[in-house]
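Please read the structure below before turning to the comments.
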Amino acid sequence: MSPDELQALIEDATFDFVSGDPEVALEKLGRATQASPGSFEAWHATAEINLAVRRLDAALEAGEKALALRAADPLAIATLSRTWMERGDKAKAEHYGAMARVQSWKEELSSPPPPPDAGGLR
C-alpha cells in the first residue's frame, strides 16, 4: 500500500467513525495497520476509536503500539492516559498525563519564540 493509499484509508476510517460507523472504521484501520504496521497515524486512530467505543484493552494495545513508534508524541501519551483513567487506574493515568505535559513543554521550549509585537515594548 502506498503512503497516499494508506493516508486515504485512515481518512476514510475517520470519516466512517464521525459518521457513526465505528465498526467499519475499525475494519479499515485493521487493514491499514496490517498493511503498514509502522504507521503511527493508523495505530493512534485505532486507539482513539477503541477508546470511544469503550474497548479499553484494544485501545491500550493500539495506544502502546503508537507510543512505541513515537515515544515522545504527546497525543499518543494523552490517549494512553485517558484509556487508563477509563479503566480506573488513576495512578497509571496520572503517570501518562504527566508524561504528556512534559513532552508538550519540551516541544514548546524547543520552538523559537514568536517575533516581538511591532507596537509593543522591546
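Residues are named by chain letter and number: chains run A, B, ... in the order of the C-alpha cells, numbers start at 1 in each chain, and ligands are numbered from 1 in the order shown.
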
Shell of 7 Å around stretch 79-95 of chain A, only C-alpha atoms, local chain residues under 2 positions omitted, as a ChimeraX atom specification: /A:48,51,56,59-60,63,75-77,97-99

May I have the residues from that selection written out with N, CA and C atoms, as a PDB file, in the first residue's frame?
ATOM      1  N   GLU A  48      -7.823   5.608  19.535  1.00  0.00           N
ATOM      2  CA  GLU A  48      -8.850   6.606  19.836  1.00  0.00           C
ATOM      3  C   GLU A  48     -10.258   6.049  19.597  1.00  0.00           C
ATOM      4  N   LEU A  51     -11.113   3.483  22.223  1.00  0.00           N
ATOM      5  CA  LEU A  51     -11.422   4.172  23.468  1.00  0.00           C
ATOM      6  C   LEU A  51     -12.843   4.737  23.426  1.00  0.00           C
ATOM      7  N   LEU A  56     -11.484  -1.056  25.855  1.00  0.00           N
ATOM      8  CA  LEU A  56     -10.307  -0.498  26.508  1.00  0.00           C
ATOM      9  C   LEU A  56      -9.053  -1.340  26.316  1.00  0.00           C
ATOM     10  N   ALA A  59      -7.889  -0.552  22.919  1.00  0.00           N
ATOM     11  CA  ALA A  59      -7.370   0.819  22.906  1.00  0.00           C
ATOM     12  C   ALA A  59      -5.962   0.865  23.496  1.00  0.00           C
ATOM     13  N   LEU A  60      -5.761   0.156  24.607  1.00  0.00           N
ATOM     14  CA  LEU A  60      -4.424   0.132  25.213  1.00  0.00           C
ATOM     15  C   LEU A  60      -3.404  -0.516  24.289  1.00  0.00           C
ATOM     16  N   GLY A  63      -2.723   1.884  21.484  1.00  0.00           N
ATOM     17  CA  GLY A  63      -2.027   3.043  22.024  1.00  0.00           C
ATOM     18  C   GLY A  63      -0.570   2.761  22.324  1.00  0.00           C
ATOM     19  N   LEU A  75       0.178  13.340  21.947  1.00  0.00           N
ATOM     20  CA  LEU A  75      -1.176  12.830  21.678  1.00  0.00           C
ATOM     21  C   LEU A  75      -1.292  11.350  22.018  1.00  0.00           C
ATOM     22  N   ALA A  76      -0.285  10.568  21.658  1.00  0.00           N
ATOM     23  CA  ALA A  76      -0.304   9.138  21.987  1.00  0.00           C
ATOM     24  C   ALA A  76      -0.265   8.943  23.495  1.00  0.00           C
ATOM     25  N   ILE A  77       0.557   9.733  24.146  1.00  0.00           N
ATOM     26  CA  ILE A  77       0.674   9.619  25.604  1.00  0.00           C
ATOM     27  C   ILE A  77      -0.649  10.003  26.260  1.00  0.00           C
ATOM     28  N   GLY A  97      -0.383  11.158  31.971  1.00  0.00           N
ATOM     29  CA  GLY A  97      -0.737  12.565  31.885  1.00  0.00           C
ATOM     30  C   GLY A  97       0.462  13.464  32.140  1.00  0.00           C
ATOM     31  N   ALA A  98       1.255  13.103  33.130  1.00  0.00           N
ATOM     32  CA  ALA A  98       2.470  13.874  33.419  1.00  0.00           C
ATOM     33  C   ALA A  98       3.464  13.780  32.264  1.00  0.00           C
ATOM     34  N   MET A  99       3.590  12.587  31.693  1.00  0.00           N
ATOM     35  CA  MET A  99       4.477  12.420  30.533  1.00  0.00           C
ATOM     36  C   MET A  99       4.036  13.326  29.381  1.00  0.00           C
TER      37      MET A  99
END

Secondary structure check, helix (DSSP H, G or I) residues of chain A, as number ranges by chain: A: 3-18, 22-35, 40-52, 56-69, 74-87, 90-110

How close does stretch 41-84 of chain A get to stretch 26-37 of chain A? List, as CSV, each residue of stretch 41-84 of chain A within 8 Å, its nearest atom pair and the distance in Å to one decimal, counting only C-alpha atoms.
residue,atom,partner,partner_atom,distance
A:Ala42,CA,A:Thr33,CA,6.0
A:Trp43,CA,A:Thr33,CA,6.6
A:Ala45,CA,A:Leu29,CA,7.6
A:Thr46,CA,A:Leu29,CA,6.2
A:Ile49,CA,A:Leu26,CA,7.3
A:Asn50,CA,A:Leu26,CA,7.9

Prev. selection, C-alpha atoms, output as an mmCIF file, in the first residue's frame:
data_model
loop_
_atom_site.group_PDB
_atom_site.id
_atom_site.type_symbol
_atom_site.label_atom_id
_atom_site.label_comp_id
_atom_site.auth_asym_id
_atom_site.auth_seq_id
_atom_site.Cartn_x
_atom_site.Cartn_y
_atom_site.Cartn_z
ATOM 1 C CA ALA A 42 -3.222 4.216 11.918
ATOM 2 C CA TRP A 43 -2.388 2.901 15.398
ATOM 3 C CA ALA A 45 -6.650 6.372 15.264
ATOM 4 C CA THR A 46 -7.300 2.739 16.220
ATOM 5 C CA ILE A 49 -11.793 4.821 18.214
ATOM 6 C CA ASN A 50 -11.487 1.808 20.501
#

Interatomic distance, atom CA of A:Thr14 to atom CA of A:Ala71 (Å, one decimal): 23.0 Å

Separation of atom CA of A:Lys65 from atom CA of A:Ser39 in Å: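 Spanning atom CA of A:Ser39 to atom CA of A:Lys65 is a straight-line distance of 9.4 Å.
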